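A short worksheet on the structure shown next.
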Amino acid sequence: MDSMKVFDRMLSVLKILFTPYFLLNGLMSLAYVLSKNFEATCRLMYDPQEDCSFDWRDQEVMMFLCFVIIIKNRRWKPNRWTEYLGNVFMLSKGASAIMFLRKGTFLGIGYICLCIVIFLIAPEPSYSGRDNIEYFIGQALEEELAKNRNVVYLVEFYATWSSPCSYFAETFAEISLSYSHEYLKFGKLDVGRYPSAARRYHIDSGVRSKQLPTLILFADGVEKLRRPLPCENEVSWYYRFTKENIIRDFNLNEHYSESQKRLLSELHQDQG
């Protein structure tokens with residue numbers, strides 16, 4: 001039984017790795033290394049008189065890349081291996097662009113343009129599994145909060161182009177499946193599509209935003225708690241969106257218990 005679970009897990013990992021996003025970005029991350037390791041591409045792309053081995057500057061960039069990957073991933077603390085790999089892709093492509101530019105402006109610009117094309121045609125796969133989440137559009141969230149003030153809502157404000165939001169989607173779905181109740185509900189609102197909602201809830205939805213995703217807990221129709229916490233200059237404190245942190249910081253166990261008690265009380269009143 002355990003071996004079957006391991007096999008299923010490996011199969012699901014392989015399915016993810018063989019999606020266009022991971023295949024193309026993995027290839028682009030290794031593009032410079034591969035071009036130098038195959039003599040045919042090396043002679044075609046670079047000076048035929050040049051040695052195809054890595055020079056000291058190439059080695060310096062690659063050593064620095066390894067150092068940055070270690071430091072950044074310790075700081076970011078990815079929740080899933082796909083998030084870790086996404087960070088490696090981003091940093092590796094940056095290092096490859098630098099090394100291609102060193103060999104020639106045309107090569108460097110061509111590589112950067114190819115990265116942009118791949119970003120557009122092969123976006124990062126979004127979560128497509130089960131959830132118990134209500135998706136709000138326009139001002140539907142305000143209407144729902146006003147209509148059901150006795151319901152506690154935990155709402156994620158996200159943008160489809162944001163990698164942190166994509167990484168968080170599965171975690172939020174799992175929490176919604178575990179904690180959704182009559183008086184405890186989960187929702188999502190795309191502030192990339194509805195910038196007026198971002199302004200209404202004081203969330204920076206720009207490309208360089210550090211506030212995506214933002215989780216806000218609503219009770220009695222008003223905001224009670226949010227993560228990440230805002231600080232000066234419209235920036236936010238770093239928050240690690242793990243399942244454990246969200247359950248603890250938003251008191252989901254307590255809210256779930258209160259929701260059950262309220263429903264049982266209503267049932268007893270109806271029977272009485």
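Labels for the structure tokens follow display order: chains A, B, ..., residues from 1 in each chain, ligands from 1.
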
Out of region 26-128 of chain A, which residues get helix (DSSP H, G or I) from DSSP, as a compact mmCIF listing (two decimals) with C-alpha atoms, in the first residue's frame?
# COMPACT_ATOMS: atom_id res chain seq x y z
CA GLY A 26 14.46 24.19 -17.14
CA LEU A 27 15.92 24.31 -20.65
CA MET A 28 16.28 28.10 -20.53
CA SER A 29 17.95 27.90 -17.11
CA ALA A 31 20.81 27.19 -21.97
CA TYR A 32 24.24 28.77 -21.47
CA VAL A 33 25.75 25.68 -19.86
CA LEU A 34 24.42 23.43 -22.63
CA SER A 35 25.60 25.79 -25.38
CA LYS A 36 29.15 25.64 -23.99
CA ASN A 37 29.17 21.89 -23.40
CA GLU A 39 31.05 21.76 -29.37
CA ALA A 40 28.70 22.22 -32.33
CA THR A 41 26.60 24.89 -30.59
CA CYS A 42 29.69 26.45 -29.04
CA ARG A 43 31.38 26.92 -32.45
CA LEU A 44 28.11 28.15 -33.98
CA MET A 45 27.19 30.67 -31.29
CA TRP A 56 36.92 32.26 -14.75
CA ARG A 57 34.16 34.87 -15.17
CA ASP A 58 31.63 32.17 -16.07
CA GLN A 59 32.68 30.21 -13.00
CA GLU A 60 32.42 33.34 -10.89
CA VAL A 61 28.84 33.99 -12.04
CA MET A 62 27.84 30.35 -11.44
CA MET A 63 29.39 30.32 -7.97
CA PHE A 64 27.57 33.55 -7.14
CA LEU A 65 24.34 32.02 -8.50
CA CYS A 66 24.67 29.02 -6.16
CA PHE A 67 25.30 31.35 -3.23
CA VAL A 68 22.25 33.51 -4.05
CA ILE A 69 19.98 30.45 -4.50
CA ILE A 70 20.97 29.14 -1.06
CA ILE A 71 20.53 32.53 0.66
CA LYS A 72 17.28 33.44 -1.11
CA ASN A 73 15.59 30.11 -0.50
CA ARG A 74 16.57 30.21 3.16
CA ARG A 75 14.99 33.64 3.37
CA TRP A 76 11.89 32.90 1.26
CA TRP A 81 9.17 22.00 -4.14
CA THR A 82 7.54 23.67 -7.15
CA GLU A 83 8.02 27.05 -5.49
CA TYR A 84 11.67 26.23 -4.78
CA LEU A 85 12.18 25.20 -8.40
CA GLY A 86 10.47 28.38 -9.62
CA ASN A 87 12.96 30.46 -7.61
CA VAL A 88 15.86 28.46 -9.08
CA PHE A 89 14.54 29.05 -12.61
CA MET A 90 14.24 32.80 -12.06
CA LEU A 91 17.74 33.20 -10.63
CA SER A 92 19.35 30.83 -13.16
CA LYS A 93 17.84 32.69 -16.11
CA GLY A 94 19.14 35.94 -14.67
CA ALA A 95 22.66 34.49 -14.44
CA SER A 96 22.38 33.01 -17.96
CA ALA A 97 21.34 36.41 -19.35
CA ILE A 98 24.45 37.99 -17.82
CA MET A 99 26.74 35.32 -19.30
CA PHE A 100 25.12 35.57 -22.75
CA LEU A 101 25.45 39.37 -22.68
CA ARG A 102 29.15 38.97 -21.93
CA LYS A 103 29.52 36.94 -25.11
CA THR A 105 24.81 41.97 -27.01
CA PHE A 106 22.82 40.20 -29.73
CA LEU A 107 23.03 36.87 -27.89
CA GLY A 108 21.99 38.44 -24.60
CA ILE A 109 19.04 40.38 -26.02
CA GLY A 110 17.93 37.32 -28.00
CA TYR A 111 18.01 35.17 -24.86
CA ILE A 112 16.02 37.73 -22.84
CA CYS A 113 13.41 38.02 -25.62
CA LEU A 114 13.09 34.24 -25.74
CA CYS A 115 12.56 34.17 -21.96
CA ILE A 116 9.77 36.73 -22.31
CA VAL A 117 8.09 34.70 -25.08
CA ILE A 118 8.21 31.54 -22.95
CA PHE A 119 6.82 33.47 -19.99
CA LEU A 120 3.83 34.45 -22.16
CA ILE A 121 3.16 31.12 -23.90

Give me the residues near Glu244 (chain A) as a PDB file with C-alpha atoms, in the first residue's frame, where near means some atom within 12 Å (using only C-alpha atoms) and where sequence neighbours in that chain fewer than 2 positions away do not count.
ATOM      1  CA  ASN A  79       6.398  25.836   1.097  1.00  0.00           C
ATOM      2  CA  THR A 171      -2.586  25.534   0.473  1.00  0.00           C
ATOM      3  CA  PHE A 172      -5.635  27.818   0.574  1.00  0.00           C
ATOM      4  CA  GLU A 174      -6.707  22.544   1.403  1.00  0.00           C
ATOM      5  CA  ILE A 175      -7.620  24.876   4.268  1.00  0.00           C
ATOM      6  CA  ARG A 240       5.081  32.921   5.333  1.00  0.00           C
ATOM      7  CA  PHE A 241       1.815  31.536   3.991  1.00  0.00           C
ATOM      8  CA  THR A 242       1.959  28.040   5.437  1.00  0.00           C
ATOM      9  CA  ILE A 246      -2.750  30.605   8.753  1.00  0.00           C
ATOM     10  CA  ILE A 247      -4.651  28.236  11.042  1.00  0.00           C
ATOM     11  CA  ARG A 248      -2.875  29.711  14.070  1.00  0.00           C
ATOM     12  CA  ASP A 249      -2.881  33.402  13.183  1.00  0.00           C
ATOM     13  CA  PHE A 250      -6.511  33.515  12.012  1.00  0.00           C
ATOM     14  CA  ASN A 251      -7.755  31.288  14.876  1.00  0.00           C
ATOM     15  CA  LEU A 252      -9.469  28.955  12.411  1.00  0.00           C
ATOM     16  CA  ASN A 253      -9.908  26.156  14.944  1.00  0.00           C
TER      17      ASN A 253
END

* **Residue nearest Gln260 (chain A) among A:Phe54, A:Tyr183, A:Phe136, A:Tyr21 (counting only C-alpha atoms)** =>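 Using only C-alpha atoms, the shortest distance to Gln260 (chain A) belongs to A:Tyr183.
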
* What is the CA of Ser12 (chain A) to CA of Arg130 (chain A) distance in Å? ->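 Straight-line distance from CA of Ser12 (chain A) to CA of Arg130 (chain A) works out to 15.6 Å.
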
* Asked: Nearest to Ala198 (chain A) among A:Ala159, A:Leu11, A:Ala173, A:Leu154, with distances taken over only C-alpha atoms: which residue is it?
  ->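 Of all the options, A:Ala159 lies closest to Ala198 (chain A).
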
Using DSSP on the backbone, list every residue of region 30-268 of chain A that comes out as strand (DSSP E), and give them as a PDB file with N, CA and C atoms, in the first residue's frame.
ATOM      1  N   ILE A 133     -14.229  27.208  -2.158  1.00  0.00           N
ATOM      2  CA  ILE A 133     -13.967  28.646  -2.185  1.00  0.00           C
ATOM      3  C   ILE A 133     -14.977  29.341  -3.084  1.00  0.00           C
ATOM      4  N   GLU A 134     -15.456  30.484  -2.624  1.00  0.00           N
ATOM      5  CA  GLU A 134     -16.357  31.309  -3.431  1.00  0.00           C
ATOM      6  C   GLU A 134     -15.539  32.410  -4.101  1.00  0.00           C
ATOM      7  N   TYR A 135     -15.672  32.525  -5.412  1.00  0.00           N
ATOM      8  CA  TYR A 135     -14.920  33.523  -6.169  1.00  0.00           C
ATOM      9  C   TYR A 135     -15.805  34.764  -6.378  1.00  0.00           C
ATOM     10  N   PHE A 136     -15.319  35.893  -5.861  1.00  0.00           N
ATOM     11  CA  PHE A 136     -16.090  37.133  -5.927  1.00  0.00           C
ATOM     12  C   PHE A 136     -15.664  37.965  -7.130  1.00  0.00           C
ATOM     13  N   VAL A 152     -18.384  34.357   9.161  1.00  0.00           N
ATOM     14  CA  VAL A 152     -16.965  34.754   9.144  1.00  0.00           C
ATOM     15  C   VAL A 152     -16.394  34.358   7.785  1.00  0.00           C
ATOM     16  N   TYR A 153     -15.761  35.312   7.117  1.00  0.00           N
ATOM     17  CA  TYR A 153     -15.157  35.056   5.808  1.00  0.00           C
ATOM     18  C   TYR A 153     -13.637  35.242   5.889  1.00  0.00           C
ATOM     19  N   LEU A 154     -12.906  34.270   5.336  1.00  0.00           N
ATOM     20  CA  LEU A 154     -11.472  34.440   5.135  1.00  0.00           C
ATOM     21  C   LEU A 154     -11.269  34.570   3.628  1.00  0.00           C
ATOM     22  N   VAL A 155     -10.840  35.756   3.193  1.00  0.00           N
ATOM     23  CA  VAL A 155     -10.772  36.063   1.762  1.00  0.00           C
ATOM     24  C   VAL A 155      -9.329  36.301   1.334  1.00  0.00           C
ATOM     25  N   GLU A 156      -8.966  35.657   0.240  1.00  0.00           N
ATOM     26  CA  GLU A 156      -7.643  35.872  -0.352  1.00  0.00           C
ATOM     27  C   GLU A 156      -7.767  36.869  -1.496  1.00  0.00           C
ATOM     28  N   PHE A 157      -6.961  37.923  -1.442  1.00  0.00           N
ATOM     29  CA  PHE A 157      -6.871  38.896  -2.524  1.00  0.00           C
ATOM     30  C   PHE A 157      -5.620  38.544  -3.329  1.00  0.00           C
ATOM     31  N   TYR A 158      -5.801  38.241  -4.596  1.00  0.00           N
ATOM     32  CA  TYR A 158      -4.714  37.666  -5.387  1.00  0.00           C
ATOM     33  C   TYR A 158      -4.679  38.273  -6.790  1.00  0.00           C
ATOM     34  N   LEU A 184     -18.526  29.727   8.536  1.00  0.00           N
ATOM     35  CA  LEU A 184     -17.112  30.003   8.268  1.00  0.00           C
ATOM     36  C   LEU A 184     -16.848  29.668   6.805  1.00  0.00           C
ATOM     37  N   LYS A 185     -16.664  30.702   5.987  1.00  0.00           N
ATOM     38  CA  LYS A 185     -16.529  30.496   4.551  1.00  0.00           C
ATOM     39  C   LYS A 185     -15.234  31.126   4.024  1.00  0.00           C
ATOM     40  N   PHE A 186     -14.859  30.664   2.846  1.00  0.00           N
ATOM     41  CA  PHE A 186     -13.612  31.101   2.225  1.00  0.00           C
ATOM     42  C   PHE A 186     -13.898  31.685   0.847  1.00  0.00           C
ATOM     43  N   GLY A 187     -13.159  32.749   0.513  1.00  0.00           N
ATOM     44  CA  GLY A 187     -13.383  33.409  -0.765  1.00  0.00           C
ATOM     45  C   GLY A 187     -12.091  33.906  -1.385  1.00  0.00           C
ATOM     46  N   LYS A 188     -12.174  34.255  -2.659  1.00  0.00           N
ATOM     47  CA  LYS A 188     -11.037  34.825  -3.379  1.00  0.00           C
ATOM     48  C   LYS A 188     -11.535  35.973  -4.246  1.00  0.00           C
ATOM     49  N   LEU A 189     -10.692  36.989  -4.379  1.00  0.00           N
ATOM     50  CA  LEU A 189     -11.020  38.138  -5.214  1.00  0.00           C
ATOM     51  C   LEU A 189      -9.770  38.540  -5.995  1.00  0.00           C
ATOM     52  N   ASP A 190      -9.884  38.591  -7.303  1.00  0.00           N
ATOM     53  CA  ASP A 190      -8.752  38.901  -8.183  1.00  0.00           C
ATOM     54  C   ASP A 190      -8.576  40.421  -8.279  1.00  0.00           C
ATOM     55  N   THR A 214      -2.828  38.671  -0.189  1.00  0.00           N
ATOM     56  CA  THR A 214      -3.223  39.216   1.110  1.00  0.00           C
ATOM     57  C   THR A 214      -4.447  38.445   1.599  1.00  0.00           C
ATOM     58  N   LEU A 215      -4.411  38.025   2.853  1.00  0.00           N
ATOM     59  CA  LEU A 215      -5.554  37.350   3.469  1.00  0.00           C
ATOM     60  C   LEU A 215      -6.204  38.297   4.468  1.00  0.00           C
ATOM     61  N   ILE A 216      -7.522  38.433   4.363  1.00  0.00           N
ATOM     62  CA  ILE A 216      -8.264  39.280   5.309  1.00  0.00           C
ATOM     63  C   ILE A 216      -9.412  38.466   5.906  1.00  0.00           C
ATOM     64  N   LEU A 217      -9.510  38.527   7.221  1.00  0.00           N
ATOM     65  CA  LEU A 217     -10.609  37.869   7.927  1.00  0.00           C
ATOM     66  C   LEU A 217     -11.693  38.901   8.216  1.00  0.00           C
ATOM     67  N   PHE A 218     -12.914  38.612   7.776  1.00  0.00           N
ATOM     68  CA  PHE A 218     -14.062  39.489   8.007  1.00  0.00           C
ATOM     69  C   PHE A 218     -15.018  38.819   8.993  1.00  0.00           C
ATOM     70  N   ALA A 219     -15.440  39.568   9.996  1.00  0.00           N
ATOM     71  CA  ALA A 219     -16.449  39.095  10.952  1.00  0.00           C
ATOM     72  C   ALA A 219     -17.399  40.262  11.219  1.00  0.00           C
ATOM     73  N   VAL A 222     -17.077  43.302   8.803  1.00  0.00           N
ATOM     74  CA  VAL A 222     -15.944  44.237   8.752  1.00  0.00           C
ATOM     75  C   VAL A 222     -14.628  43.468   8.907  1.00  0.00           C
ATOM     76  N   GLU A 223     -13.553  44.115   8.475  1.00  0.00           N
ATOM     77  CA  GLU A 223     -12.238  43.494   8.588  1.00  0.00           C
ATOM     78  C   GLU A 223     -11.803  43.403  10.047  1.00  0.00           C
ATOM     79  N   LYS A 224     -11.306  42.218  10.426  1.00  0.00           N
ATOM     80  CA  LYS A 224     -10.815  41.998  11.782  1.00  0.00           C
ATOM     81  C   LYS A 224      -9.319  41.742  11.821  1.00  0.00           C
ATOM     82  N   LEU A 225      -8.782  41.148  10.755  1.00  0.00           N
ATOM     83  CA  LEU A 225      -7.378  40.745  10.772  1.00  0.00           C
ATOM     84  C   LEU A 225      -6.900  40.554   9.347  1.00  0.00           C
ATOM     85  N   ARG A 226      -5.637  40.886   9.102  1.00  0.00           N
ATOM     86  CA  ARG A 226      -5.062  40.636   7.782  1.00  0.00           C
ATOM     87  C   ARG A 226      -3.606  40.218   7.897  1.00  0.00           C
ATOM     88  N   ARG A 227      -3.161  39.474   6.889  1.00  0.00           N
ATOM     89  CA  ARG A 227      -1.758  39.114   6.722  1.00  0.00           C
ATOM     90  C   ARG A 227      -1.450  39.189   5.230  1.00  0.00           C
TER      91      ARG A 227
END

* **Nearest residue to Pro123 (chain A) from the set A:Phe22, A:Leu14, A:Ala169, A:Ser196 (distances using only C-alpha atoms)** => A:Phe22
